[in-house]
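This is input-v9.cif. It holds mmCIF, C-alpha atoms and all ligand atoms.
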```cif
data_work
loop_
_atom_site.label_atom_id
_atom_site.label_comp_id
_atom_site.auth_asym_id
_atom_site.auth_seq_id
_atom_site.Cartn_x
_atom_site.Cartn_y
_atom_site.Cartn_z
CA MET A 1 9.37 -0.94 22.92
CA ASN A 2 9.63 2.76 23.75
CA LYS A 3 8.66 5.42 21.25
CA ARG A 4 11.53 7.86 20.76
CA GLY A 5 11.90 10.94 18.53
CA LEU A 6 9.80 11.68 15.45
CA LEU A 7 11.86 10.76 12.37
CA TYR A 8 9.50 11.82 9.63
CA GLU A 9 5.90 12.88 9.19
CA GLY A 10 4.38 11.73 5.92
CA LYS A 11 0.91 12.18 4.50
CA ALA A 12 -0.47 9.04 6.15
CA LYS A 13 1.94 8.09 8.93
CA LYS A 14 4.33 9.48 11.50
CA MET A 15 7.53 7.45 11.79
CA TYR A 16 9.28 7.33 15.18
CA ALA A 17 12.59 5.94 16.32
CA THR A 18 12.55 3.24 19.02
CA ASP A 19 15.09 1.91 21.54
CA ASP A 20 16.20 -0.54 18.88
CA PRO A 21 18.13 1.15 16.03
CA ASN A 22 16.82 -1.50 13.59
CA LEU A 23 13.15 -0.89 14.39
CA VAL A 24 10.84 2.04 13.76
CA LEU A 25 7.32 2.72 14.96
CA ALA A 26 4.70 3.83 12.45
CA GLU A 27 1.70 5.74 13.73
CA TYR A 28 -1.18 5.88 11.25
CA ILE A 29 -2.79 9.33 11.30
CA ASP A 30 -6.34 10.53 10.61
CA GLN A 31 -5.55 12.33 7.39
CA ALA A 32 -6.63 11.77 3.79
CA THR A 33 -4.79 13.32 0.86
CA ALA A 34 -5.24 13.20 -2.88
CA LEU A 35 -3.47 14.84 -5.83
CA ASN A 36 -0.15 14.35 -4.00
CA GLY A 37 -1.31 16.28 -0.94
CA LYS A 38 -3.04 19.17 -2.70
CA LYS A 39 -6.38 17.90 -1.39
CA LYS A 40 -6.08 17.20 2.34
CA VAL A 41 -8.62 16.65 5.14
CA GLU A 42 -8.73 15.08 8.57
CA ILE A 43 -10.91 11.95 8.77
CA ASP A 44 -11.66 10.53 12.21
CA HIS A 45 -10.65 6.88 12.74
CA LYS A 46 -8.98 6.48 9.32
CA GLY A 47 -5.56 5.90 10.91
CA ALA A 48 -6.84 3.05 13.08
CA LEU A 49 -8.63 1.40 10.16
CA ASN A 50 -5.63 1.56 7.82
CA ASN A 51 -3.30 0.32 10.54
CA GLN A 52 -5.49 -2.71 11.20
CA ILE A 53 -6.09 -3.46 7.52
CA THR A 54 -2.43 -3.16 6.52
CA SER A 55 -1.34 -5.23 9.56
CA HIS A 56 -3.68 -8.07 8.56
CA ILE A 57 -2.45 -7.93 4.95
CA PHE A 58 1.25 -7.96 5.83
CA GLY A 59 0.57 -10.83 8.27
CA TYR A 60 -1.17 -12.74 5.48
CA LEU A 61 1.67 -12.02 3.02
CA LYS A 62 4.12 -13.51 5.52
CA THR A 63 2.13 -16.77 5.47
CA GLN A 64 2.54 -16.68 1.67
CA GLY A 65 6.32 -16.46 1.98
CA ILE A 66 6.60 -12.74 1.23
CA ALA A 67 9.15 -11.07 3.49
CA SER A 68 8.40 -7.54 4.62
CA HIS A 69 9.29 -4.85 7.13
CA PHE A 70 6.25 -5.75 9.26
CA VAL A 71 7.01 -6.91 12.81
CA ASP A 72 3.80 -6.41 14.79
CA GLN A 73 0.72 -4.28 15.26
CA ILE A 74 1.24 -2.80 18.73
CA SER A 75 -1.83 -0.61 19.20
CA GLU A 76 -4.93 0.52 17.36
CA THR A 77 -2.89 3.05 15.37
CA GLU A 78 0.70 1.83 15.68
CA GLN A 79 2.97 -0.81 14.14
CA LEU A 80 6.50 -1.91 14.85
CA LEU A 81 8.55 -2.20 11.65
CA LYS A 82 12.04 -3.13 10.56
CA LYS A 83 13.75 0.09 9.61
CA VAL A 84 14.64 0.14 5.94
CA LYS A 85 16.15 2.61 3.52
CA ILE A 86 13.18 3.27 1.27
CA ILE A 87 13.93 2.92 -2.46
CA PRO A 88 12.28 6.11 -3.81
CA LEU A 89 10.00 4.30 -6.25
CA GLU A 90 6.28 3.74 -6.17
CA VAL A 91 5.81 0.29 -7.68
CA VAL A 92 2.33 0.11 -9.18
CA VAL A 93 0.65 -3.15 -10.24
CA ARG A 94 -2.47 -3.01 -12.39
CA ASN A 95 -4.91 -5.82 -13.14
CA LEU A 96 -7.72 -3.67 -14.55
CA ALA A 97 -7.65 -0.18 -16.07
CA SER A 98 -8.39 2.66 -13.67
CA GLY A 99 -6.99 6.00 -12.49
CA HIS A 100 -4.08 7.43 -14.43
CA PHE A 101 -3.88 4.49 -16.82
CA GLU A 102 -7.50 4.89 -17.84
CA THR A 103 -7.24 8.65 -18.48
CA LYS A 104 -3.76 8.58 -20.05
CA PHE A 105 -4.71 5.94 -22.64
CA ASP A 106 -8.44 6.68 -22.81
CA VAL A 107 -9.50 3.08 -22.30
CA PRO A 108 -12.71 1.75 -20.70
CA HIS A 109 -12.90 1.82 -16.91
CA LEU A 110 -11.90 -1.60 -15.50
CA MET A 111 -10.74 -2.94 -18.87
CA ARG A 112 -9.01 -6.26 -18.10
CA PHE A 113 -5.35 -6.76 -19.04
CA GLU A 114 -4.01 -10.05 -20.42
CA ALA A 115 -1.28 -9.92 -17.80
CA PRO A 116 -0.69 -7.57 -14.86
CA ILE A 117 1.22 -4.37 -15.62
CA VAL A 118 4.05 -3.13 -13.38
CA GLU A 119 4.89 0.58 -13.52
CA PHE A 120 7.40 2.70 -11.62
CA TYR A 121 6.96 6.26 -10.40
CA TYR A 122 9.76 8.31 -8.87
CA LYS A 123 8.74 9.06 -5.28
CA SER A 124 9.12 12.84 -5.05
CA ASP A 125 6.36 15.14 -3.78
CA ALA A 126 8.26 18.12 -5.26
CA LEU A 127 8.15 16.55 -8.73
CA ASP A 128 4.63 15.11 -8.30
CA ASP A 129 5.85 11.47 -8.46
CA PRO A 130 6.64 11.35 -12.21
CA PHE A 131 6.54 8.12 -14.24
CA ILE A 132 10.04 6.69 -14.59
CA ASN A 133 11.28 3.85 -16.81
CA ASP A 134 13.97 1.22 -16.18
CA ALA A 135 16.74 3.09 -18.03
CA GLN A 136 15.94 6.31 -16.16
CA ILE A 137 16.00 4.45 -12.81
CA ILE A 138 19.45 3.04 -13.66
CA ALA A 139 20.77 6.39 -15.00
CA LEU A 140 19.65 8.17 -11.82
CA LYS A 141 21.21 5.35 -9.70
CA ILE A 142 17.90 4.78 -7.91
CA ALA A 143 18.24 1.01 -8.42
CA SER A 144 20.34 -1.40 -10.50
CA ALA A 145 19.01 -3.53 -13.35
CA GLU A 146 19.10 -6.57 -11.02
CA GLN A 147 17.20 -4.68 -8.33
CA ILE A 148 14.60 -3.53 -10.88
CA ALA A 149 14.06 -7.15 -11.94
CA GLU A 150 13.70 -8.16 -8.29
CA LEU A 151 11.22 -5.33 -7.60
CA LYS A 152 9.07 -6.39 -10.55
CA ALA A 153 9.15 -10.06 -9.54
CA LYS A 154 8.30 -9.26 -5.93
CA ALA A 155 5.48 -6.90 -6.96
CA LEU A 156 3.94 -9.63 -9.15
CA GLN A 157 4.33 -12.16 -6.33
CA VAL A 158 2.42 -9.82 -4.00
CA ASN A 159 -0.26 -9.45 -6.69
CA GLU A 160 -0.61 -13.26 -7.04
CA ALA A 161 -1.05 -13.52 -3.27
CA LEU A 162 -3.47 -10.59 -2.93
CA ILE A 163 -5.83 -11.41 -5.83
CA PRO A 164 -7.23 -14.57 -4.13
CA PHE A 165 -7.10 -12.89 -0.70
CA PHE A 166 -9.45 -10.13 -1.85
CA LYS A 167 -11.50 -12.46 -4.04
CA ALA A 168 -12.39 -14.42 -0.90
CA LEU A 169 -13.70 -11.11 0.52
CA LYS A 170 -15.82 -10.57 -2.62
CA LEU A 171 -13.50 -7.72 -3.65
CA THR A 172 -11.70 -7.25 -6.96
CA LEU A 173 -8.12 -6.01 -6.70
CA VAL A 174 -8.00 -3.42 -9.50
CA ASP A 175 -4.52 -1.98 -8.82
CA PHE A 176 -2.19 -1.07 -5.97
CA LYS A 177 1.03 0.74 -5.06
CA LEU A 178 3.95 -0.79 -3.20
CA GLU A 179 7.13 0.57 -1.69
CA PHE A 180 10.27 -1.41 -1.03
CA GLY A 181 13.32 -0.72 1.09
CA LEU A 182 16.79 -2.08 1.77
CA ASP A 183 17.45 -3.73 5.14
CA GLU A 184 20.78 -3.68 6.99
CA ASN A 185 22.06 -6.47 4.67
CA ASN A 186 20.97 -4.57 1.53
CA GLN A 187 18.20 -7.13 0.95
CA ILE A 188 15.05 -5.78 -0.69
CA LEU A 189 12.06 -5.91 1.69
CA LEU A 190 8.45 -5.02 1.00
CA ALA A 191 7.70 -1.93 3.14
CA ASP A 192 5.21 0.90 3.70
CA GLU A 193 1.48 -0.01 3.67
CA ILE A 194 -1.20 -1.87 1.72
CA SER A 195 -4.60 -0.42 2.52
CA PRO A 196 -7.62 1.09 0.76
CA ASP A 197 -5.47 4.25 0.55
CA THR A 198 -2.98 2.46 -1.70
CA ALA A 199 -5.09 -0.21 -3.44
CA ARG A 200 -8.25 0.03 -5.53
CA LEU A 201 -10.85 -2.48 -4.36
CA VAL A 202 -14.20 -2.92 -6.07
CA ASP A 203 -17.11 -4.80 -4.51
CA GLN A 204 -17.94 -7.78 -6.73
CA THR A 205 -21.69 -7.46 -6.13
CA THR A 206 -22.38 -3.70 -6.06
CA HIS A 207 -19.35 -2.64 -8.21
CA MET A 208 -18.78 0.21 -5.73
CA SER A 209 -15.27 1.34 -4.78
CA LEU A 210 -14.22 0.49 -1.23
CA ASP A 211 -11.06 2.60 -1.35
CA LYS A 212 -9.65 6.12 -1.56
CA ASP A 213 -11.38 6.75 -4.91
CA ILE A 214 -14.42 7.65 -2.74
CA PHE A 215 -12.35 10.60 -1.47
CA ARG A 216 -10.55 11.37 -4.75
CA LYS A 217 -13.86 11.53 -6.63
CA GLY A 218 -15.84 13.13 -3.77
CA LEU A 219 -18.30 10.21 -3.69
CA GLY A 220 -18.99 10.37 0.04
CA ASP A 221 -17.63 9.10 3.35
CA LEU A 222 -14.53 6.89 3.32
CA ILE A 223 -15.00 5.45 6.77
CA PRO A 224 -17.94 3.06 6.17
CA ALA A 225 -16.09 1.62 3.14
CA TYR A 226 -12.81 1.12 5.05
CA GLU A 227 -14.80 -0.37 7.96
CA GLU A 228 -16.43 -2.79 5.52
CA VAL A 229 -13.02 -3.91 4.19
CA LEU A 230 -11.72 -4.50 7.73
CA LYS A 231 -14.92 -6.32 8.73
CA ARG A 232 -14.65 -8.70 5.77
CA ILE A 233 -10.99 -9.42 6.62
CA GLN A 234 -11.86 -10.08 10.29
CA ASP A 235 -14.92 -12.23 9.45
CA LYS A 236 -12.83 -14.34 7.08
CA GLU A 237 -10.04 -14.76 9.64
CA ASN A 238 -12.55 -15.82 12.31
CA ALA A 239 -14.16 -18.30 9.89
CA ASP A 240 -10.72 -19.72 8.99
CA VAL A 241 -9.79 -20.12 12.66
CA HIS A 242 -13.01 -22.01 13.43
CA ARG A 243 -12.79 -24.29 10.44
N1 LIG A 301 10.03 0.24 7.30
C1 LIG A 301 10.22 1.53 7.00
N2 LIG A 301 11.37 2.14 7.38
C2 LIG A 301 11.58 3.43 7.09
N3 LIG A 301 10.72 4.23 6.42
C3 LIG A 301 9.57 3.67 6.02
C4 LIG A 301 9.25 2.30 6.29
N4 LIG A 301 8.03 2.03 5.74
C5 LIG A 301 7.59 3.18 5.18
N5 LIG A 301 8.49 4.20 5.34
C6 LIG A 301 8.39 5.60 4.90
O1 LIG A 301 7.70 6.34 5.89
C7 LIG A 301 7.25 7.56 5.33
C8 LIG A 301 5.89 7.92 5.89
O2 LIG A 301 4.85 7.23 5.24
P1 LIG A 301 3.66 8.04 4.55
O3 LIG A 301 2.99 8.89 5.55
O4 LIG A 301 2.84 7.01 3.82
O5 LIG A 301 4.49 8.95 3.54
P2 LIG A 301 4.09 9.65 2.15
O6 LIG A 301 3.63 11.01 2.48
O7 LIG A 301 5.38 9.63 1.40
O8 LIG A 301 3.02 8.78 1.50
C9 LIG A 301 7.33 7.38 3.82
O9 LIG A 301 8.44 8.10 3.34
C10 LIG A 301 7.57 5.87 3.66
O10 LIG A 301 8.29 5.60 2.48
MG MG A 302 2.28 6.93 1.84
#
```
Write out the structure in this file as structure tokens.
Amino acid sequence: MNKRGLLYEGKAKKMYATDDPNLVLAEYIDQATALNGKKKVEIDHKGALNNQITSHIFGYLKTQGIASHFVDQISETEQLLKKVKIIPLEVVVRNLASGHFETKFDVPHLMRFEAPIVEFYYKSDALDDPFINDAQIIALKIASAEQIAELKAKALQVNEALIPFFKALKLTLVDFKLEFGLDENNQILLADEISPDTARLVDQTTHMSLDKDIFRKGLGDLIPAYEEVLKRIQDKENADVHR
């Protein structure tokens, strides 16, 4: 599959056209951003780590019956993806209080919720990704009521699949962000990435973050933590293969 023109350069990936109009190529870049891009640095090898982690996760989700844009990992930093029209919503699922939820409501860090919470944010760098509710999404014609219901159900399905996946790696899935898109038949597909950039993962033994909070909070080097996440995924996959 040949890489054609650059379609879009985001904060974490460059998206390229391919010979096939229904496929795009995502190249994961060595950049870390926080505060919607206001804090930005280059971090060697981060692109390769996130590409490998997100490829494993989307591969796993497929085995759990969750359809996505993911076609194949084609190099250390690149993936082949079904091209979708991204629905401009960040769909956040929370199992434990952290980040914005913790500060907004002043609740204890990692307070457990009775049931997972799904939240929507309007994906707009210019507006700083504001919180948006169902009625606002419908009024702005971002998605219909039926599509909102489907997004919530799919997000919770991903959560149910990922909780045991990370638990087996001795990691707690605190929260994560998803993006969805519409394929050529207007079907909703899980898209974008799931990586330590977009999910909070806490080590069950040390209680240390193995995710972008290390960068957001200036706690040190991201790379060893991301390497640890990838290593646990690979070790588990090797153990499963040899069982
Ligand atoms: N399968 C896909 N088809 C088309 N666009 C996609 C697909 N998956 C993700 N994208 C989009 O690619 C862009 C680049 O990703 P990223 O660098 O993470 O952007 P951002 O700066 O918005 O976080 C984003 O706008 C994302 O929504
Ligand atoms: Mg992104």
Would you mind listing, for every residue of chain A within 7 Å of ligand MG 302 (chain A), the two atoms forming the shortest contact and the distance between them in Å to one decimal, using all atoms listed in the file, sorted by chain and ascending residue number, as JSON lines?
```
{"residue": "A:Gly10", "atom": "CA", "partner": "A:MG302", "partner_atom": "MG", "distance": 6.6}
{"residue": "A:Lys11", "atom": "CA", "partner": "A:MG302", "partner_atom": "MG", "distance": 6.0}
{"residue": "A:Ala12", "atom": "CA", "partner": "A:MG302", "partner_atom": "MG", "distance": 5.5}
{"residue": "A:Asp192", "atom": "CA", "partner": "A:MG302", "partner_atom": "MG", "distance": 7.0}
```
- request: Throw together the list of residues within 7 Å of ligand LIG 301 (chain A), counting only C-alpha atoms and all ligand atoms, and drop it here as a PyMOL selection string.
  value: chain A and resi 8-15+24+69+81-86+179+191-192
Give me a file of those residues, with C-alpha atoms, as a PDB file, keeping the file's coordinate frame.
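After the write, out_9.pdb holds the following:
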```pdb
ATOM      1  CA  TYR A   8       9.500  11.820   9.630  1.00  0.00           C
ATOM      2  CA  GLU A   9       5.900  12.880   9.190  1.00  0.00           C
ATOM      3  CA  GLY A  10       4.380  11.730   5.920  1.00  0.00           C
ATOM      4  CA  LYS A  11       0.910  12.180   4.500  1.00  0.00           C
ATOM      5  CA  ALA A  12      -0.470   9.040   6.150  1.00  0.00           C
ATOM      6  CA  LYS A  13       1.940   8.090   8.930  1.00  0.00           C
ATOM      7  CA  LYS A  14       4.330   9.480  11.500  1.00  0.00           C
ATOM      8  CA  MET A  15       7.530   7.450  11.790  1.00  0.00           C
ATOM      9  CA  VAL A  24      10.840   2.040  13.760  1.00  0.00           C
ATOM     10  CA  HIS A  69       9.290  -4.850   7.130  1.00  0.00           C
ATOM     11  CA  LEU A  81       8.550  -2.200  11.650  1.00  0.00           C
ATOM     12  CA  LYS A  82      12.040  -3.130  10.560  1.00  0.00           C
ATOM     13  CA  LYS A  83      13.750   0.090   9.610  1.00  0.00           C
ATOM     14  CA  VAL A  84      14.640   0.140   5.940  1.00  0.00           C
ATOM     15  CA  LYS A  85      16.150   2.610   3.520  1.00  0.00           C
ATOM     16  CA  ILE A  86      13.180   3.270   1.270  1.00  0.00           C
ATOM     17  CA  GLU A 179       7.130   0.570  -1.690  1.00  0.00           C
ATOM     18  CA  ALA A 191       7.700  -1.930   3.140  1.00  0.00           C
ATOM     19  CA  ASP A 192       5.210   0.900   3.700  1.00  0.00           C
TER      20      ASP A 192
END
```
Top pick for closest residue to A:Gln73, considering A:His109, A:Ala26, A:Ala139, A:Leu89 and counting all atoms listed in the file: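 Result for the nearest residue to A:Gln73: A:Ala26.
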query: Hey, what's within 9 Å of A:Gln52 if we count all atoms listed in the file and toss same-chain stuff fewer than 5 positions away? As a list in words, please?
result: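 My list of contacting residues is Gly47, Ile57, Gln73, Glu76, Thr77, Glu78 and Leu230 of chain A.
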- prompt: Can you list, as JSON, numbers by chain, every protein, DNA or RNA residue that comes within 10 Å of stretch 199-205 of chain A when you count all atoms listed in the file, leaving out same-chain residues fewer than 4 positions away?
  reply: {"A": [92, 93, 94, 96, 98, 99, 110, 166, 167, 169, 170, 171, 172, 173, 174, 175, 176, 177, 178, 193, 194, 195, 209, 210, 211, 212, 213, 229]}
Could those residues be written to a file, using C-alpha atoms, as a PDB file, in the frame of the given file?
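To be explicit, this is the file written out as again30.pdb:
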```pdb
ATOM      1  CA  VAL A  92       2.330   0.110  -9.180  1.00  0.00           C
ATOM      2  CA  VAL A  93       0.650  -3.150 -10.240  1.00  0.00           C
ATOM      3  CA  ARG A  94      -2.470  -3.010 -12.390  1.00  0.00           C
ATOM      4  CA  LEU A  96      -7.720  -3.670 -14.550  1.00  0.00           C
ATOM      5  CA  SER A  98      -8.390   2.660 -13.670  1.00  0.00           C
ATOM      6  CA  GLY A  99      -6.990   6.000 -12.490  1.00  0.00           C
ATOM      7  CA  LEU A 110     -11.900  -1.600 -15.500  1.00  0.00           C
ATOM      8  CA  PHE A 166      -9.450 -10.130  -1.850  1.00  0.00           C
ATOM      9  CA  LYS A 167     -11.500 -12.460  -4.040  1.00  0.00           C
ATOM     10  CA  LEU A 169     -13.700 -11.110   0.520  1.00  0.00           C
ATOM     11  CA  LYS A 170     -15.820 -10.570  -2.620  1.00  0.00           C
ATOM     12  CA  LEU A 171     -13.500  -7.720  -3.650  1.00  0.00           C
ATOM     13  CA  THR A 172     -11.700  -7.250  -6.960  1.00  0.00           C
ATOM     14  CA  LEU A 173      -8.120  -6.010  -6.700  1.00  0.00           C
ATOM     15  CA  VAL A 174      -8.000  -3.420  -9.500  1.00  0.00           C
ATOM     16  CA  ASP A 175      -4.520  -1.980  -8.820  1.00  0.00           C
ATOM     17  CA  PHE A 176      -2.190  -1.070  -5.970  1.00  0.00           C
ATOM     18  CA  LYS A 177       1.030   0.740  -5.060  1.00  0.00           C
ATOM     19  CA  LEU A 178       3.950  -0.790  -3.200  1.00  0.00           C
ATOM     20  CA  GLU A 193       1.480  -0.010   3.670  1.00  0.00           C
ATOM     21  CA  ILE A 194      -1.200  -1.870   1.720  1.00  0.00           C
ATOM     22  CA  SER A 195      -4.600  -0.420   2.520  1.00  0.00           C
ATOM     23  CA  SER A 209     -15.270   1.340  -4.780  1.00  0.00           C
ATOM     24  CA  LEU A 210     -14.220   0.490  -1.230  1.00  0.00           C
ATOM     25  CA  ASP A 211     -11.060   2.600  -1.350  1.00  0.00           C
ATOM     26  CA  LYS A 212      -9.650   6.120  -1.560  1.00  0.00           C
ATOM     27  CA  ASP A 213     -11.380   6.750  -4.910  1.00  0.00           C
ATOM     28  CA  VAL A 229     -13.020  -3.910   4.190  1.00  0.00           C
TER      29      VAL A 229
END
```
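Using only C-alpha atoms, the shortest contact distance between A:Glu146 and any of A:Thr63, A:Leu222, A:Arg216, A:Ile188 is found at A:Ile188.
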statement: Across A:Tyr226, A:Phe180, A:Phe215, A:Phe58, the smallest distance to A:Ala161, with all atoms listed in the file counted, is shown by A:Phe58
field: Between atom CA of A:Pro196 and atom CA of A:Val158 - distance in Å to one decimal
entry: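 Computing it gives 15.6 Å between the two atoms.
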Where atoms are absent from stretch 134-145 of chain A, fill them in so it carries N, CA, C and O atoms, then output it as an mmCIF file, in the frame of the given file.
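The result, written out as selection.cif:
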```cif
data_model
loop_
_atom_site.group_PDB
_atom_site.id
_atom_site.type_symbol
_atom_site.label_atom_id
_atom_site.label_comp_id
_atom_site.auth_asym_id
_atom_site.auth_seq_id
_atom_site.Cartn_x
_atom_site.Cartn_y
_atom_site.Cartn_z
ATOM 1 N N ASP A 134 12.821 1.975 -16.709
ATOM 2 C CA ASP A 134 13.970 1.220 -16.180
ATOM 3 C C ASP A 134 15.292 1.946 -16.441
ATOM 4 O O ASP A 134 16.132 2.070 -15.558
ATOM 5 N N ALA A 135 15.468 2.428 -17.672
ATOM 6 C CA ALA A 135 16.740 3.090 -18.030
ATOM 7 C C ALA A 135 16.925 4.362 -17.205
ATOM 8 O O ALA A 135 18.047 4.681 -16.771
ATOM 9 N N GLN A 136 15.856 5.081 -16.972
ATOM 10 C CA GLN A 136 15.940 6.310 -16.160
ATOM 11 C C GLN A 136 16.282 5.967 -14.708
ATOM 12 O O GLN A 136 17.069 6.679 -14.061
ATOM 13 N N ILE A 137 15.714 4.872 -14.191
ATOM 14 C CA ILE A 137 16.000 4.450 -12.810
ATOM 15 C C ILE A 137 17.487 4.118 -12.671
ATOM 16 O O ILE A 137 18.148 4.499 -11.700
ATOM 17 N N ILE A 138 18.037 3.424 -13.693
ATOM 18 C CA ILE A 138 19.450 3.040 -13.660
ATOM 19 C C ILE A 138 20.332 4.293 -13.809
ATOM 20 O O ILE A 138 21.281 4.496 -13.054
ATOM 21 N N ALA A 139 19.974 5.172 -14.752
ATOM 22 C CA ALA A 139 20.770 6.390 -15.000
ATOM 23 C C ALA A 139 20.816 7.271 -13.749
ATOM 24 O O ALA A 139 21.842 7.885 -13.444
ATOM 25 N N LEU A 140 19.718 7.331 -13.022
ATOM 26 C CA LEU A 140 19.650 8.170 -11.820
ATOM 27 C C LEU A 140 20.165 7.436 -10.578
ATOM 28 O O LEU A 140 20.094 7.954 -9.461
ATOM 29 N N LYS A 141 20.657 6.173 -10.796
ATOM 30 C CA LYS A 141 21.210 5.350 -9.700
ATOM 31 C C LYS A 141 20.218 5.137 -8.559
ATOM 32 O O LYS A 141 20.578 5.064 -7.383
ATOM 33 N N ILE A 142 18.942 5.056 -8.910
ATOM 34 C CA ILE A 142 17.900 4.780 -7.910
ATOM 35 C C ILE A 142 17.905 3.291 -7.589
ATOM 36 O O ILE A 142 17.724 2.876 -6.441
ATOM 37 N N ALA A 143 18.128 2.461 -8.597
ATOM 38 C CA ALA A 143 18.240 1.010 -8.420
ATOM 39 C C ALA A 143 18.995 0.444 -9.617
ATOM 40 O O ALA A 143 19.026 1.054 -10.692
ATOM 41 N N SER A 144 19.608 -0.739 -9.409
ATOM 42 C CA SER A 144 20.340 -1.400 -10.500
ATOM 43 C C SER A 144 19.365 -2.216 -11.346
ATOM 44 O O SER A 144 18.220 -2.456 -10.939
ATOM 45 N N ALA A 145 19.844 -2.693 -12.489
ATOM 46 C CA ALA A 145 19.010 -3.530 -13.350
ATOM 47 C C ALA A 145 18.546 -4.782 -12.595
ATOM 48 O O ALA A 145 17.393 -5.204 -12.714
#
```
